[in-house]
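Trainee: Quick one: the structure is below, questions incoming.
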Amino acid sequence: MHEPRGHADMYGCLMLPPATEGAHFSVLFMHNAGYSTMCGHGIIAAVTVAMETGMLRPSDSGDTVEIDTPAGRVSASATVEGDRVRSVSFRNVPSWVEVLDADVSVPGLGRVRFDLAFGGAYYAFVDAASVGLACLPGSAAELIRAGRAIKRTIEAEYPVHHPVEEDLSFLYGTIFTGPPGDEGAHSRNVCIFADGELDRSPTGTGVSARAAIHFARGEIRRGQALTIESIVNSRFSVRVVDETRFGPHNAIVPEVEGSAFITGVNTLVLDPADPFRHGFFLR
């Protein structure tokens with residue numbers, strides 16, 4: 001993920017043997033601050049790579065691809081046409097709301113209203129316009145600065161505790177929401193996570209947590225799909241396929257769908273004489 005091979009906003013997925021019986025493989029997701037617990041666009045990309053490179057074939061996987069993640073087992077399925085994966089959908093881990101309509105005082109921003117929810121990771125959701133921002137590429141630097149400040153403040157005032165895995169008990173990022181850029185979409189997500197990293201996708205775990213928020217408010221019903229854009233106009237759809245309990249929480253089971261494309265096959269070289277062989281970050 002580090003320069004000179006990557007950059008501060010690069011995201012990776014390490015595909016490993018299954019960790020539990022019945023899984024096809026397991027994954028660890030990587031970013032500029034280490035590892036993350038679950039990633040929707042990483043699942044979509046990993047299934048696309050596995051299918052299109054022949055690691056798995058539709059006949060091998062049956063109806064679903066079972067994937068072990070740090071947040072739990074995820075079931076995915078691919079829509080395949082010939083040798084191409086047209087889309088991937090997955091049923092995420094149970095997702096729930098922690099806090100609705102809370103507010104904190106953030107240095108430089110004043111009082112900021114937010115919702116806090118889990119969709120494989122914990123996120124604080126903030127309406128971008130409420131802090132004078134827009135979910136647009138030209139606002140990327142301002143979104144990163146504000147997202148980091150909001151995350152630091154909420155971490156201090158609203159500590160989170162995962163019911164099962166203490167390793168998941170941390171606020172992963174801030175997600176700004178705003179109106180869509182194109183017709184047919186419900187809204188837009190811009191996720192600032194890890195050490196100021198900006199997600200170019202709508203964020204699969206983020207749209208899962210958003211579905212939990214909308215469902216808790218009675219704004220969507222079971223089976224109703226929402227299409228949510230990213231900062232670069234890519235789209236995920238998300239819908240509530242089931243309700244469940246997870247520890248003390250009323251939770252939903254969200255299903256997310258999107259597409260990924262292989263952009264290259266790379267060979268990385270670590271020269272032992274290179275003083276920068278392990279990479280670096282300037283940001």
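FYI, nothing fancy with the structure tokens labels: chains A, B, ... in order, residues from 1 per chain, ligands from 1 as they appear.
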Any idea what's packed within 12 Å of stretch 214-218 of chain A, counting only C-alpha atoms, ignoring anything in its chain fewer than 4 positions away? Could you give it as a VMD selection string?
Mentor: chain A and resid 95 to 101 115 117 125 186 207 to 210 222 to 226 238 to 243 249 to 254
Trainee: Grab the atom CA of A:Pro159 to atom CA of A:Pro70 distance for me, in Å with one decimal place.
Mentor: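 Value for the atom CA of A:Pro159-atom CA of A:Pro70 distance: 20.1 Å.
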Trainee: Among stretch 45-215 of chain A, which ones does DSSP place in alpha helix (DSSP H), written as a short mmCIF file (atom, residue, chain, number, x, y, z; two decimals) with C-alpha atoms, in the first residue's frame?
Mentor:
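Saved result, out_34.cif, follows:
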data_model
loop_
_atom_site.label_atom_id
_atom_site.label_comp_id
_atom_site.auth_asym_id
_atom_site.auth_seq_id
_atom_site.Cartn_x
_atom_site.Cartn_y
_atom_site.Cartn_z
CA ALA A 45 -13.19 -7.20 -5.99
CA ALA A 46 -11.92 -10.44 -4.41
CA VAL A 47 -14.81 -12.50 -5.81
CA THR A 48 -14.33 -10.91 -9.25
CA VAL A 49 -10.61 -11.74 -9.20
CA ALA A 50 -11.22 -15.29 -7.96
CA MET A 51 -13.77 -15.97 -10.71
CA GLU A 52 -12.10 -14.22 -13.65
CA PRO A 58 -19.14 -20.91 -10.74
CA SER A 59 -19.41 -24.71 -10.70
CA ASP A 60 -16.82 -24.86 -7.89
CA SER A 61 -18.59 -22.37 -5.69
CA ALA A 140 -11.67 15.92 -1.10
CA ALA A 141 -9.03 17.70 0.99
CA GLU A 142 -11.66 19.48 3.11
CA LEU A 143 -13.61 16.25 3.58
CA ILE A 144 -10.47 14.48 4.80
CA ARG A 145 -9.64 17.22 7.28
CA ALA A 146 -13.19 17.40 8.63
CA GLY A 147 -13.59 13.61 8.70
CA ARG A 148 -10.45 13.17 10.77
CA ALA A 149 -11.49 15.90 13.23
CA ILE A 150 -14.99 14.46 13.64
CA LYS A 151 -13.64 10.93 14.14
CA ARG A 152 -11.17 12.07 16.83
CA THR A 153 -13.89 13.91 18.74
CA ILE A 154 -16.46 11.11 18.61
CA GLU A 155 -13.84 8.49 19.57
CA ALA A 156 -13.19 10.46 22.76
CA GLU A 157 -16.84 11.04 23.67
CA GLY A 204 -19.95 -1.62 1.32
CA THR A 205 -19.77 -1.65 5.11
CA GLY A 206 -20.89 1.98 5.07
CA VAL A 207 -23.99 1.38 2.96
CA SER A 208 -24.78 -1.59 5.24
CA ALA A 209 -24.66 0.66 8.28
CA ARG A 210 -26.73 3.27 6.44
CA ALA A 211 -29.38 0.66 5.65
CA ALA A 212 -29.53 -0.11 9.38
CA ILE A 213 -30.04 3.60 10.12
CA HIS A 214 -32.78 4.06 7.51
CA PHE A 215 -34.50 0.85 8.64
#
Trainee: Just list as a ChimeraX atom specification whatever in stretch 87-191 of chain A DSSP marks as strand (DSSP E).
Mentor: /A:87-91,95-106,110-118,122-127,171-178,187-191
Trainee: Atom CA of A:Gly258 to atom CA of A:Ala185: how many Å, to one decimal?
Mentor: 13.4 Å
Trainee: Check the smallest atom-to-atom distance from each of A:Glu21, A:Pro94, A:Thr37, A:Cys13 to A:Met1 using only C-alpha atoms, then report the winner.
Mentor: A:Cys13
Trainee: Could you name the residues that touch stretch 268-276 of chain A at 12 Å or less, counting only C-alpha atoms, but leaving out those on the same chain fewer than 4 positions away, as a PyMOL selection string?
Mentor: chain A and resi 1-6+280-281
Trainee: Would you output that residue set with C-alpha atoms, as a tab-separated table (two decimals), in the first residue's frame?
Mentor:
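The resulting result-v2.tsv:
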chain	number	residue	atom	x	y	z
A	1	MET	CA	0.00	0.00	0.00
A	2	HIS	CA	2.99	2.31	0.58
A	3	GLU	CA	4.70	4.56	-1.91
A	4	PRO	CA	6.44	4.08	-4.31
A	5	ARG	CA	4.27	1.06	-5.22
A	6	GLY	CA	1.05	2.49	-3.83
A	280	PHE	CA	6.85	5.17	2.85
A	281	PHE	CA	4.01	7.68	3.12
Trainee: Show me, as a count of residues only, the residues that have an atom within 10 Å of A:Ser230 when counting only C-alpha atoms, minus same-chain residues fewer than 3 positions from it.
Mentor: 20
Trainee: Env of A:Val74: 9 Å cut, atoms = only C-alpha atoms, seq-sep filter 4 positions within chain, self excluded. Answer as a list of chain:residue names.
Mentor: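 Counting only C-alpha atoms, the residues come to A:Ile43, A:Val65, A:Glu66, A:Ile67, A:Asp68, A:Thr69, A:Phe90, A:Arg91, A:Asn92, A:Val93.
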Trainee: Env of A:Met15: 7 Å cut, atoms = only C-alpha atoms, seq-sep filter 5 positions within chain, self excluded. Answer as a short mmCIF file (atom, residue, chain, number, x, y, z; two decimals) with N, CA and C atoms, in the first residue's frame.
Mentor:
data_model
loop_
_atom_site.label_atom_id
_atom_site.label_comp_id
_atom_site.auth_asym_id
_atom_site.auth_seq_id
_atom_site.Cartn_x
_atom_site.Cartn_y
_atom_site.Cartn_z
N PHE A 25 -12.30 -19.18 0.93
CA PHE A 25 -11.04 -18.54 1.27
C PHE A 25 -11.31 -17.52 2.37
N SER A 26 -10.25 -16.96 2.92
CA SER A 26 -10.38 -15.89 3.89
C SER A 26 -9.64 -14.66 3.37
N VAL A 27 -9.93 -13.52 3.98
CA VAL A 27 -9.34 -12.26 3.51
C VAL A 27 -8.88 -11.42 4.70
N LEU A 28 -7.81 -10.68 4.48
CA LEU A 28 -7.40 -9.59 5.35
C LEU A 28 -7.32 -8.33 4.50
#
Trainee: Looking at A:Arg245, A:Tyr35, A:Thr53, A:Val126, which one is nearest to A:Asp167, with distances taken over only C-alpha atoms?
Mentor: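 Nearest candidate to A:Asp167 out of A:Arg245, A:Tyr35, A:Thr53, A:Val126: A:Tyr35.
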Trainee: Just the residues within 10 Å of A:Val164, please, counting only C-alpha atoms, with nothing from its chain fewer than 3 positions along; format it as a CSV table (one decimal) with N, CA and C atoms, in the first residue's frame.
Mentor:
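The result, stored in out-v9.csv:
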chain,number,residue,atom,x,y,z
A,71,ALA,N,-14.6,-9.7,10.6
A,71,ALA,CA,-15.9,-9.4,11.2
A,71,ALA,C,-16.9,-10.6,11.2
A,161,HIS,N,-18.3,-0.5,21.8
A,161,HIS,CA,-18.0,-1.8,22.3
A,161,HIS,C,-18.7,-2.9,21.5
A,167,ASP,N,-11.6,-6.7,19.5
A,167,ASP,CA,-10.8,-6.1,18.4
A,167,ASP,C,-11.6,-5.2,17.5
A,168,LEU,N,-12.9,-5.4,17.4
A,168,LEU,CA,-13.7,-4.6,16.5
A,168,LEU,C,-14.3,-3.3,17.2
A,169,SER,N,-13.9,-3.1,18.4
A,169,SER,CA,-14.4,-2.0,19.2
A,169,SER,C,-13.7,-0.7,19.0
A,246,PHE,N,-28.2,-9.3,17.5
A,246,PHE,CA,-26.8,-9.6,17.6
A,246,PHE,C,-26.4,-9.0,19.0
A,247,GLY,N,-26.2,-9.9,19.9
A,247,GLY,CA,-26.0,-9.4,21.3
A,247,GLY,C,-27.2,-8.6,21.8
Trainee: Work out how far apart atom CA of A:Gly120 and atom CA of A:Glu255 are and give it in Å to one decimal.
Mentor: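 Pair atom CA of A:Gly120 / atom CA of A:Glu255 returns 12.4 Å.
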